[in-house]
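Asker: Please read through the structure below; I'll follow up with questions.
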Amino acid sequence: RETACRVAAGAVARVVLGKSVRIRGAMVQTGPHRIDRGRWDWDEVERNPFWCPDAESAARWASYLDEVRKSGSSTGAVIEVVAHGVPAGWGAPIYGKLDGDLAGAMMGIPAVKGVEIGAGFGAASLRGEENADEMRMGNEGEVFLSNNAGGILGGISTGQDVVVRFAVKPTSSIMIPRRTVNEAGADVDVSTKGRHDPCVGIRAVPVGEAMLACVLADHMLRHRGQCG
């Protein structure tokens, strides 16, 4: 539907970016159930219907979502999209920040209610020395020792993976009656019959990948125009 054009645009953006930039997405949480990041396996994402990188979590999600569906309710999700191979220098420090544009693009996806870059909201519980992405010299030059910034500092890409997460709300059209007010101002209950999505976040994974690709392609072309 509305997001089909976004995915199509994302396919074009991937061609513009070229093979050096790789974009992948996964669902990392459904309802209260998070994946175990110690079991993260990108190959597993293509093996289950939830785009889940953790096989054990995917198995648990199947039972959980079936229970939610049978109860006539819905649940939310968190999607993580990662871009590998983004060079340092894309973005601007004030107007046209890379992270600002990414946040706006992800928030523009239907049902998205929150966006974070890198450590995101988790950074609020860190001390300065914990959050700082320190650097050392490696065999091929400077290397970061962590990536709490999600590959973006001061609105500009650092050369690390660009990491974005967004939260998708539970589908509002559920079978369980909810209280509302009709056009006449009367208190009524409403419920939705027919097609039912227990977790619309599953559908959001390729959409998030597409939006990340579109924003990166824009910044790549802008950088080329400014810097040659």
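Following the order of the structure tokens, first chain is A, next is B, and so on, with residues numbered from 1 inside each chain and ligands from 1 in the order they appear.
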Lys193 (chain A): which residues within 12 Å, counting only C-alpha atoms, same-chain residues fewer than 5 positions away excluded, as a list in words?

Answerer: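 Here the answer would be Gly72, Ser73, Ser173, Ile174, Met175, Ile176 and Pro177 of chain A.
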
Asker: Please write the residues from the selection above to a file, keeping N, CA, C and O atoms, as a PDB file, in the first residue's frame.

Answerer:
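This is the output file part.pdb:
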```
ATOM      1  N   GLY A  72      -7.423 -11.564  19.898  1.00  0.00           N
ATOM      2  CA  GLY A  72      -8.010 -10.435  19.193  1.00  0.00           C
ATOM      3  C   GLY A  72      -7.285  -9.132  19.433  1.00  0.00           C
ATOM      4  O   GLY A  72      -7.802  -8.063  19.108  1.00  0.00           O
ATOM      5  N   SER A  73      -6.064  -9.202  19.993  1.00  0.00           N
ATOM      6  CA  SER A  73      -5.312  -7.993  20.313  1.00  0.00           C
ATOM      7  C   SER A  73      -4.141  -7.822  19.350  1.00  0.00           C
ATOM      8  O   SER A  73      -4.071  -8.468  18.301  1.00  0.00           O
ATOM      9  N   SER A 173      -6.399  -1.288  15.151  1.00  0.00           N
ATOM     10  CA  SER A 173      -7.626  -2.000  14.754  1.00  0.00           C
ATOM     11  C   SER A 173      -7.601  -3.417  15.332  1.00  0.00           C
ATOM     12  O   SER A 173      -7.025  -4.325  14.752  1.00  0.00           O
ATOM     13  N   ILE A 174      -8.222  -3.578  16.501  1.00  0.00           N
ATOM     14  CA  ILE A 174      -8.252  -4.868  17.185  1.00  0.00           C
ATOM     15  C   ILE A 174      -9.695  -5.290  17.442  1.00  0.00           C
ATOM     16  O   ILE A 174     -10.630  -4.492  17.353  1.00  0.00           O
ATOM     17  N   MET A 175      -9.857  -6.570  17.761  1.00  0.00           N
ATOM     18  CA  MET A 175     -11.195  -7.127  17.959  1.00  0.00           C
ATOM     19  C   MET A 175     -11.756  -6.874  19.362  1.00  0.00           C
ATOM     20  O   MET A 175     -12.944  -6.995  19.593  1.00  0.00           O
ATOM     21  N   ILE A 176     -10.877  -6.549  20.291  1.00  0.00           N
ATOM     22  CA  ILE A 176     -11.321  -6.283  21.659  1.00  0.00           C
ATOM     23  C   ILE A 176     -11.986  -4.911  21.700  1.00  0.00           C
ATOM     24  O   ILE A 176     -11.383  -3.918  21.295  1.00  0.00           O
ATOM     25  N   PRO A 177     -13.243  -4.807  22.172  1.00  0.00           N
ATOM     26  CA  PRO A 177     -13.942  -3.513  22.191  1.00  0.00           C
ATOM     27  C   PRO A 177     -13.175  -2.458  22.980  1.00  0.00           C
ATOM     28  O   PRO A 177     -12.658  -2.724  24.060  1.00  0.00           O
TER      29      PRO A 177
END
```

Asker: Which residues in region 19-216 of chain A does DSSP call helix (DSSP H, G or I)? List them as a ChimeraX atom specification.

Answerer: /A:37-39,42-47,55-70,98-107,120-125,128-131,201-216

Asker: Pick out the residues sitting within 10 Å of region 212-222 of chain A, and hand them over as a ChimeraX atom specification; count only C-alpha atoms, and ignore anything fewer than 6 positions along from it in its own chain.

Answerer: /A:6-7,9-18,21-25,81-83,86-87,89-92,96-99,101-106,156-157,162-164,206,228

Asker: Deliver the residues from the most recent selection as a file, using C-alpha atoms, as a CSV table (one decimal), in the first residue's frame.

Answerer:
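Final output, saved to out26.csv:
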```
chain,number,residue,atom,x,y,z
A,6,ARG,CA,9.0,3.6,-0.3
A,7,VAL,CA,10.4,0.2,-0.8
A,9,ALA,CA,12.4,4.1,-4.0
A,10,GLY,CA,14.8,2.3,-1.6
A,11,ALA,CA,15.7,-0.2,-4.3
A,12,VAL,CA,16.7,2.6,-6.6
A,13,ALA,CA,18.6,4.3,-3.7
A,14,ARG,CA,20.6,1.1,-3.2
A,15,VAL,CA,21.7,1.2,-6.8
A,16,VAL,CA,22.8,4.8,-6.4
A,17,LEU,CA,24.8,3.9,-3.2
A,18,GLY,CA,26.5,1.1,-4.9
A,21,VAL,CA,27.2,0.2,1.2
A,22,ARG,CA,25.2,-2.7,2.5
A,23,ILE,CA,21.9,-2.1,4.3
A,24,ARG,CA,20.2,-4.8,6.5
A,25,GLY,CA,17.3,-4.8,8.9
A,81,VAL,CA,18.4,-1.2,10.5
A,82,VAL,CA,22.2,-1.1,9.9
A,83,ALA,CA,24.2,0.4,7.0
A,86,VAL,CA,29.1,4.3,4.9
A,87,PRO,CA,32.2,6.5,4.5
A,89,GLY,CA,31.9,12.8,6.0
A,90,TRP,CA,28.3,12.5,4.9
A,91,GLY,CA,26.0,15.0,6.6
A,92,ALA,CA,26.3,18.5,8.0
A,96,GLY,CA,21.0,18.7,7.1
A,97,LYS,CA,22.3,16.5,10.0
A,98,LEU,CA,22.5,12.9,8.9
A,99,ASP,CA,20.9,11.7,12.1
A,101,ASP,CA,17.2,13.3,8.4
A,102,LEU,CA,17.2,9.7,9.4
A,103,ALA,CA,15.0,10.4,12.4
A,104,GLY,CA,12.5,12.3,10.2
A,105,ALA,CA,12.5,9.5,7.6
A,106,MET,CA,11.8,6.8,10.1
A,156,ILE,CA,28.2,13.6,10.2
A,157,SER,CA,29.0,10.0,9.4
A,162,VAL,CA,25.1,3.6,10.9
A,163,VAL,CA,22.6,2.0,13.4
A,164,VAL,CA,19.0,3.1,13.6
A,206,PRO,CA,12.0,-3.7,4.5
A,228,GLY,CA,33.4,16.6,-5.7
```

Asker: Out of region 72-224 of chain A, which residues get strand (DSSP E) from DSSP, as a ChimeraX atom specification?

Answerer: /A:77-84,112-117,135-138,141-144,152-153,156-157,162-168,178-181,187-190

Asker: Please dump the current selection as a compact mmCIF listing (two decimals), in the first residue's frame; keep N, CA and C atoms.

Answerer:
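Writing the result to again.txt gives the following:
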```txt
# COMPACT_ATOMS: atom_id res chain seq x y z
N ALA A 77 6.54 -3.44 18.23
CA ALA A 77 7.82 -4.05 17.87
C ALA A 77 8.89 -2.98 17.76
N VAL A 78 10.14 -3.42 17.81
CA VAL A 78 11.28 -2.54 17.57
C VAL A 78 12.08 -3.12 16.41
N ILE A 79 12.38 -2.27 15.43
CA ILE A 79 13.13 -2.67 14.24
C ILE A 79 14.50 -1.99 14.28
N GLU A 80 15.54 -2.73 13.92
CA GLU A 80 16.88 -2.15 13.82
C GLU A 80 17.38 -2.28 12.39
N VAL A 81 17.84 -1.17 11.84
CA VAL A 81 18.41 -1.18 10.49
C VAL A 81 19.85 -0.67 10.57
N VAL A 82 20.72 -1.33 9.82
CA VAL A 82 22.15 -1.05 9.89
C VAL A 82 22.70 -0.87 8.48
N ALA A 83 23.52 0.16 8.32
CA ALA A 83 24.20 0.39 7.04
C ALA A 83 25.69 0.20 7.23
N HIS A 84 26.26 -0.77 6.54
CA HIS A 84 27.70 -1.04 6.58
C HIS A 84 28.37 -0.36 5.39
N VAL A 112 5.04 4.35 13.32
CA VAL A 112 6.28 4.54 14.09
C VAL A 112 6.08 5.65 15.12
N LYS A 113 6.46 5.38 16.36
CA LYS A 113 6.28 6.34 17.45
C LYS A 113 7.57 6.72 18.15
N GLY A 114 8.70 6.17 17.75
CA GLY A 114 9.96 6.53 18.38
C GLY A 114 11.14 6.08 17.53
N VAL A 115 12.22 6.87 17.56
CA VAL A 115 13.43 6.58 16.79
C VAL A 115 14.65 6.82 17.67
N GLU A 116 15.66 5.97 17.54
CA GLU A 116 16.92 6.20 18.24
C GLU A 116 18.09 5.82 17.35
N ILE A 117 19.21 6.54 17.55
CA ILE A 117 20.44 6.31 16.80
C ILE A 117 21.48 5.75 17.76
N MET A 135 39.05 6.15 20.51
CA MET A 135 39.77 5.79 19.28
C MET A 135 41.19 5.37 19.59
N ARG A 136 41.71 4.50 18.75
CA ARG A 136 43.11 4.09 18.78
C ARG A 136 43.57 3.87 17.34
N MET A 137 44.89 3.80 17.17
CA MET A 137 45.44 3.52 15.85
C MET A 137 45.43 2.01 15.60
N GLY A 138 44.91 1.62 14.44
CA GLY A 138 44.91 0.22 14.05
C GLY A 138 45.86 0.00 12.88
N GLY A 141 44.87 2.47 10.15
CA GLY A 141 44.55 3.84 10.56
C GLY A 141 43.74 3.88 11.83
N GLU A 142 43.04 5.01 12.06
CA GLU A 142 42.27 5.19 13.28
C GLU A 142 41.07 4.25 13.31
N VAL A 143 40.78 3.71 14.50
CA VAL A 143 39.62 2.85 14.68
C VAL A 143 38.89 3.26 15.95
N PHE A 144 37.56 3.16 15.92
CA PHE A 144 36.75 3.39 17.10
C PHE A 144 36.69 2.10 17.91
N ILE A 152 27.34 8.17 13.72
CA ILE A 152 27.12 9.58 13.38
C ILE A 152 27.52 10.45 14.57
N LEU A 153 28.40 11.41 14.34
CA LEU A 153 28.81 12.36 15.37
C LEU A 153 28.70 13.77 14.81
N ILE A 156 27.38 14.10 11.29
CA ILE A 156 28.21 13.65 10.17
C ILE A 156 28.61 12.20 10.38
N SER A 157 28.59 11.39 9.33
CA SER A 157 28.97 9.99 9.44
C SER A 157 30.43 9.85 9.83
N VAL A 162 26.19 2.69 10.49
CA VAL A 162 25.09 3.56 10.88
C VAL A 162 23.97 2.67 11.41
N VAL A 163 23.59 2.89 12.68
CA VAL A 163 22.64 2.01 13.37
C VAL A 163 21.43 2.83 13.81
N VAL A 164 20.26 2.45 13.32
CA VAL A 164 19.02 3.15 13.64
C VAL A 164 17.98 2.13 14.12
N ARG A 165 17.27 2.47 15.18
CA ARG A 165 16.14 1.66 15.64
C ARG A 165 14.88 2.50 15.70
N PHE A 166 13.74 1.88 15.40
CA PHE A 166 12.47 2.59 15.54
C PHE A 166 11.41 1.68 16.14
N ALA A 167 10.53 2.29 16.92
CA ALA A 167 9.46 1.56 17.61
C ALA A 167 8.16 1.69 16.84
N VAL A 168 7.50 0.57 16.63
CA VAL A 168 6.22 0.52 15.93
C VAL A 168 5.13 0.21 16.95
N ARG A 178 -13.10 -1.26 22.40
CA ARG A 178 -12.46 -0.12 23.03
C ARG A 178 -13.46 1.03 23.14
N ARG A 179 -13.34 1.83 24.19
CA ARG A 179 -14.28 2.92 24.40
C ARG A 179 -13.90 4.14 23.56
N THR A 180 -14.90 4.79 22.97
CA THR A 180 -14.68 6.00 22.19
C THR A 180 -15.95 6.83 22.20
N VAL A 181 -15.99 7.89 21.40
CA VAL A 181 -17.14 8.78 21.29
C VAL A 181 -17.48 8.93 19.82
N ASP A 187 -21.13 8.16 24.09
CA ASP A 187 -20.14 7.15 24.44
C ASP A 187 -20.50 5.83 23.75
N VAL A 188 -19.54 5.23 23.04
CA VAL A 188 -19.78 3.96 22.35
C VAL A 188 -18.54 3.09 22.50
N ASP A 189 -18.71 1.81 22.18
CA ASP A 189 -17.59 0.88 22.11
C ASP A 189 -17.37 0.52 20.64
N VAL A 190 -16.11 0.34 20.25
CA VAL A 190 -15.81 0.00 18.86
C VAL A 190 -14.81 -1.14 18.82
```

Asker: Counting only C-alpha atoms, which residue out of A:Trp40, A:Tyr95, A:Trp51, A:Trp61 sits closest to Thr75 (chain A)?

Answerer: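 The shortest atom-to-atom distance to Thr75 (chain A) comes from A:Trp61.
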
Asker: Kindly indicate which residue among A:Asp197, A:Lys169, A:Trp42, A:Ala184 lies nearest to Met107 (chain A), using only C-alpha atoms for the distances.

Answerer: A:Lys169

Asker: Interatomic distance between CA of Arg203 (chain A) and CA of Asp66 (chain A)?

Answerer: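 These atoms are spaced 16.3 Å apart.
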
Asker: Just give me the gap between CA of Cys199 (chain A) and CA of Pro49 (chain A) in Å, one decimal is fine.

Answerer: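 Here the two named atoms are 11.8 Å from each other.
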
Asker: Please list as JSON, numbers by chain every residue within 7 Å of region 119-128 of chain A, counting only C-alpha atoms and excluding residues in the same chain fewer than 4 positions away.

Answerer: {"A": [132, 148, 149, 150]}

Asker: Could you pull the residues within 12 Å of Gly38 (chain A), counting only C-alpha atoms, minus those fewer than 6 positions along the same chain, as a list in words?

Answerer: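 Residues meeting the cut-off are Pro53, Asp54, Ala55, Glu56 and Ser57 of chain A.
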
Asker: Next, write the just-selected residues to a file, as a PDB file, in the first residue's frame, keeping all heavy atoms as the atom set.

Answerer:
```pdb
ATOM      1  N   PRO A  53      17.018 -12.016  14.081  1.00  0.00           N
ATOM      2  CA  PRO A  53      18.382 -12.531  13.981  1.00  0.00           C
ATOM      3  C   PRO A  53      18.748 -13.540  15.061  1.00  0.00           C
ATOM      4  O   PRO A  53      19.890 -13.993  15.127  1.00  0.00           O
ATOM      5  CB  PRO A  53      19.236 -11.262  14.125  1.00  0.00           C
ATOM      6  CG  PRO A  53      18.428 -10.398  15.031  1.00  0.00           C
ATOM      7  CD  PRO A  53      16.991 -10.674  14.694  1.00  0.00           C
ATOM      8  N   ASP A  54      17.793 -13.903  15.901  1.00  0.00           N
ATOM      9  CA  ASP A  54      18.019 -14.823  17.010  1.00  0.00           C
ATOM     10  C   ASP A  54      17.014 -15.969  16.895  1.00  0.00           C
ATOM     11  O   ASP A  54      15.816 -15.777  17.112  1.00  0.00           O
ATOM     12  CB  ASP A  54      17.857 -14.069  18.337  1.00  0.00           C
ATOM     13  CG  ASP A  54      17.897 -14.957  19.563  1.00  0.00           C
ATOM     14  OD1 ASP A  54      18.170 -16.166  19.431  1.00  0.00           O
ATOM     15  OD2 ASP A  54      17.646 -14.444  20.672  1.00  0.00           O
ATOM     16  N   ALA A  55      17.482 -17.149  16.533  1.00  0.00           N
ATOM     17  CA  ALA A  55      16.601 -18.282  16.261  1.00  0.00           C
ATOM     18  C   ALA A  55      15.742 -18.642  17.469  1.00  0.00           C
ATOM     19  O   ALA A  55      14.550 -18.963  17.331  1.00  0.00           O
ATOM     20  CB  ALA A  55      17.413 -19.493  15.812  1.00  0.00           C
ATOM     21  N   GLU A  56      16.315 -18.611  18.655  1.00  0.00           N
ATOM     22  CA  GLU A  56      15.560 -18.970  19.849  1.00  0.00           C
ATOM     23  C   GLU A  56      14.443 -17.972  20.130  1.00  0.00           C
ATOM     24  O   GLU A  56      13.324 -18.356  20.502  1.00  0.00           O
ATOM     25  CB  GLU A  56      16.498 -19.080  21.055  1.00  0.00           C
ATOM     26  CG  GLU A  56      17.466 -20.251  20.964  1.00  0.00           C
ATOM     27  CD  GLU A  56      18.290 -20.419  22.231  1.00  0.00           C
ATOM     28  OE1 GLU A  56      17.819 -20.014  23.314  1.00  0.00           O
ATOM     29  OE2 GLU A  56      19.412 -20.945  22.133  1.00  0.00           O
ATOM     30  N   SER A  57      14.727 -16.696  19.945  1.00  0.00           N
ATOM     31  CA  SER A  57      13.696 -15.682  20.140  1.00  0.00           C
ATOM     32  C   SER A  57      12.592 -15.829  19.098  1.00  0.00           C
ATOM     33  O   SER A  57      11.406 -15.666  19.413  1.00  0.00           O
ATOM     34  CB  SER A  57      14.309 -14.279  20.058  1.00  0.00           C
ATOM     35  OG  SER A  57      15.126 -14.021  21.170  1.00  0.00           O
TER      36      SER A  57
END
```

Asker: Point out the residue among A:Arg69, A:Lys19, A:Arg224, A:His33 with the least atom-to-atom distance to Cys52 (chain A), counting only C-alpha atoms.

Answerer: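 Looking only at the distances to Cys52 (chain A), the closest residue turns out to be A:His33.
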
Asker: What is the CA of Thr30 (chain A) to CA of Ser172 (chain A) distance in Å?

Answerer: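 Going from CA of Thr30 (chain A) over to CA of Ser172 (chain A), I get 15.6 Å.
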